[in-house]
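Read the structure below first, then the notes.
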Amino acid sequence: MDTAGILEVRQSFDDAISDVDNLNALQQLKVEYLGKKGKVTGLMKEMKNLSNEERPEYGAKVNEVRTYITEAIERRGEVLEEAALEEKLREETIDVTLPGRTFSLGSPHPLSRTIEDIEDFFLGLGYEIAEGYEVETDYYNFEALNLPKSHPARDMQDTFYISEETLLRTHTSPVQARTMEAQEGRGPVKIICPGKVYRRDSDDATHSHQFTQIEGLVVDRNIRMSDLKGTLELFAKEIFGAEREIRLRPSYFPFTEPSVEVDISCFKCKGAGCNVCKGTGWIEILGAGMVHPNVLEMAGFDPDEYSGFAFGMGPDRIAMLKYGIEDIRHFYTNDLRFINQFKATEDGGATNESI
Ligand code: DAH
């Protein structure tokens with residue numbers, strides 16, 4: 001009986017397993033030796049060439065080698081699995097002492113916040129928000145507001161013309177005319193219109209060639225100057241503090257008659273006189289008036305049946321007053337060092353309010 005083949009298989013297995021350093025290679029080795037076409041199975045197949053007497057001993061020897069190989073593979077497998085687990089644990093270690101990544105919270109832009117506060121106030125009074133166009137026609141920006149082509153008051157607003165008939169709107173007032181026109185002569189109209197406007201100004205601390213305005217318009221039967229005054233009084237208290245009072249001074253705008261300029265009592269010195277109110281105790285915040293009959297008529301409303309009031313304010317100036325900002329250009333130069341001073345607070349407010 002030739003048992004050299006068995007020894008050879010065992011020898012070659014011993015050589016091979018000593019090189020195996022991972023579970024994949026071990027699995028391959030298992031197939032190579034114990035699989036259906038493996039070397040140990042091959043040894044078994046030799047049985048048929050042996051005599052009946054030789055078979056039991058030969059079979060026992062092959063079984064011995066099979067057990068030897070099976071156990072060796074198992075032991076090796078355990079060692080390799082252990083090593084793999086340890087490697088994985090080492091790789092996935094979390095250092096709980098590392099500082100976390102901080103989540104940085106954005107800040108509301110003080111101008112956007114001011115516009116939103118003003119919108120909230122008027123929405124609460126039942127106003128709707130209307131929109132117009134930043135590129136506007138001469139007709140809506142001027143003519144429909146009682147400013148015909150040669151009107152000297154056009155010079156009050158240095159205009160960026162795009163062509164003879166188109167321009168960058170110099171105020172949000174054209175939205176008045178557009179909104180009324182769309183109503184086809186039927187009231188009520190109750191809108192505010194926040195938006196960007198443009199003027200050919202040289203930029204400095206208080207002037208910007210692009211800034212924002214909020215227009216307001218109410219048209220209905222029996223609208224009176226007292227309605228305008230009451231509305232603006234509430235507005236002043238809401239935005240600048242409950243003790244504020246307002247003062248109306250006669251003024252001139254082509255689209256309103258009578259026209260007024262509206263001051264609030266100074267929130268800083270409470271009227272005594274300081275640098276914010278330039279010693280007068282009063283701060284000018286907006287222009288307003290009763291809608292001129294010509295404006296109503298041009299937009300399709302009958303001035304004998306309807307009357308209305310309008311106002312226009314500059315949120316830039318209001319935000320500058322409210323937050324103590326000295327240069328309008330801060331709003332538009334997007335310096336994070338500026339914006340980050342107005343961090344959001346948990347109740348949705350902003351810090352750094354001067355009022
Ligand atoms: N449009 C004016 C301006 O830009 C502001 C204004 C004044 C608007 C009086 C109005 C108003 O609606 O009634 O200076």
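How things are named: the first chain in the structure tokens is A, the next is B, and so on; residues count from 1 in each chain; ligands count from 1 in the order shown.
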
Inset, instruction - Just the residues within 7 Å of stretch 306-317 of chain A, please, counting only C-alpha atoms, with nothing from its chain fewer than 4 positions along; format it as a list in words. - result: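 Close residues of stretch 306-317 of chain A: Leu111, Thr114, Ile115, Phe211, Thr212, Gln213, Ile214, Glu215, Gly216, Leu217, Val218, Val219, Asp220, Arg221, Asn222, Ile223, Leu228, Ile285, Leu286, Gly287, Ala288, Gly289, Met290, Val291, Phe301, Asp302, Leu321 and Ile328 of chain A.
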
Legend entry - A:Arg329, A:Arg199, A:Arg337, A:Arg247 ranked by distance to ligand 1, top pick (using only C-alpha atoms and all ligand atoms):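 Using only C-alpha atoms and all ligand atoms, the shortest distance to ligand 1 belongs to A:Arg199.
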
Legend entry - Among listed residues A:His207, A:Arg113, A:His171, A:His292, nearest ligand 1 (using only C-alpha atoms and all ligand atoms):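 Closest to ligand 1, using only C-alpha atoms and all ligand atoms: A:His171.
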
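With distances restricted to only C-alpha atoms, A:Met298 is the closest residue to A:Phe255 from A:Met298, A:Ala4, A:Met44, A:Ala25.
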
Inset, instruction - List every residue of stretch 105-305 of chain A that DSSP, applied to the backbone of this structure, places in strand (DSSP E or B), and write the result as a PyMOL selection string. - result: chain A and resi 128-129+135-137+161+166-168+189-198+210-220+246-253+256-265+282-291

Inset, instruction - Identify which of the residues A:Thr333, A:Ser150, A:Thr41, A:Ser251 lies closest to ligand 1, counting only C-alpha atoms and all ligand atoms when measuring atom-to-atom distances. - result: A:Ser251

Inset, instruction - Would you mind telling me which residue in A:Ile191, A:Gln27, A:Glu257, A:Ala205 lies nearest to A:Gly126 when using only C-alpha atoms? - result: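 For A:Gly126, the nearest of the given residues is A:Ile191.
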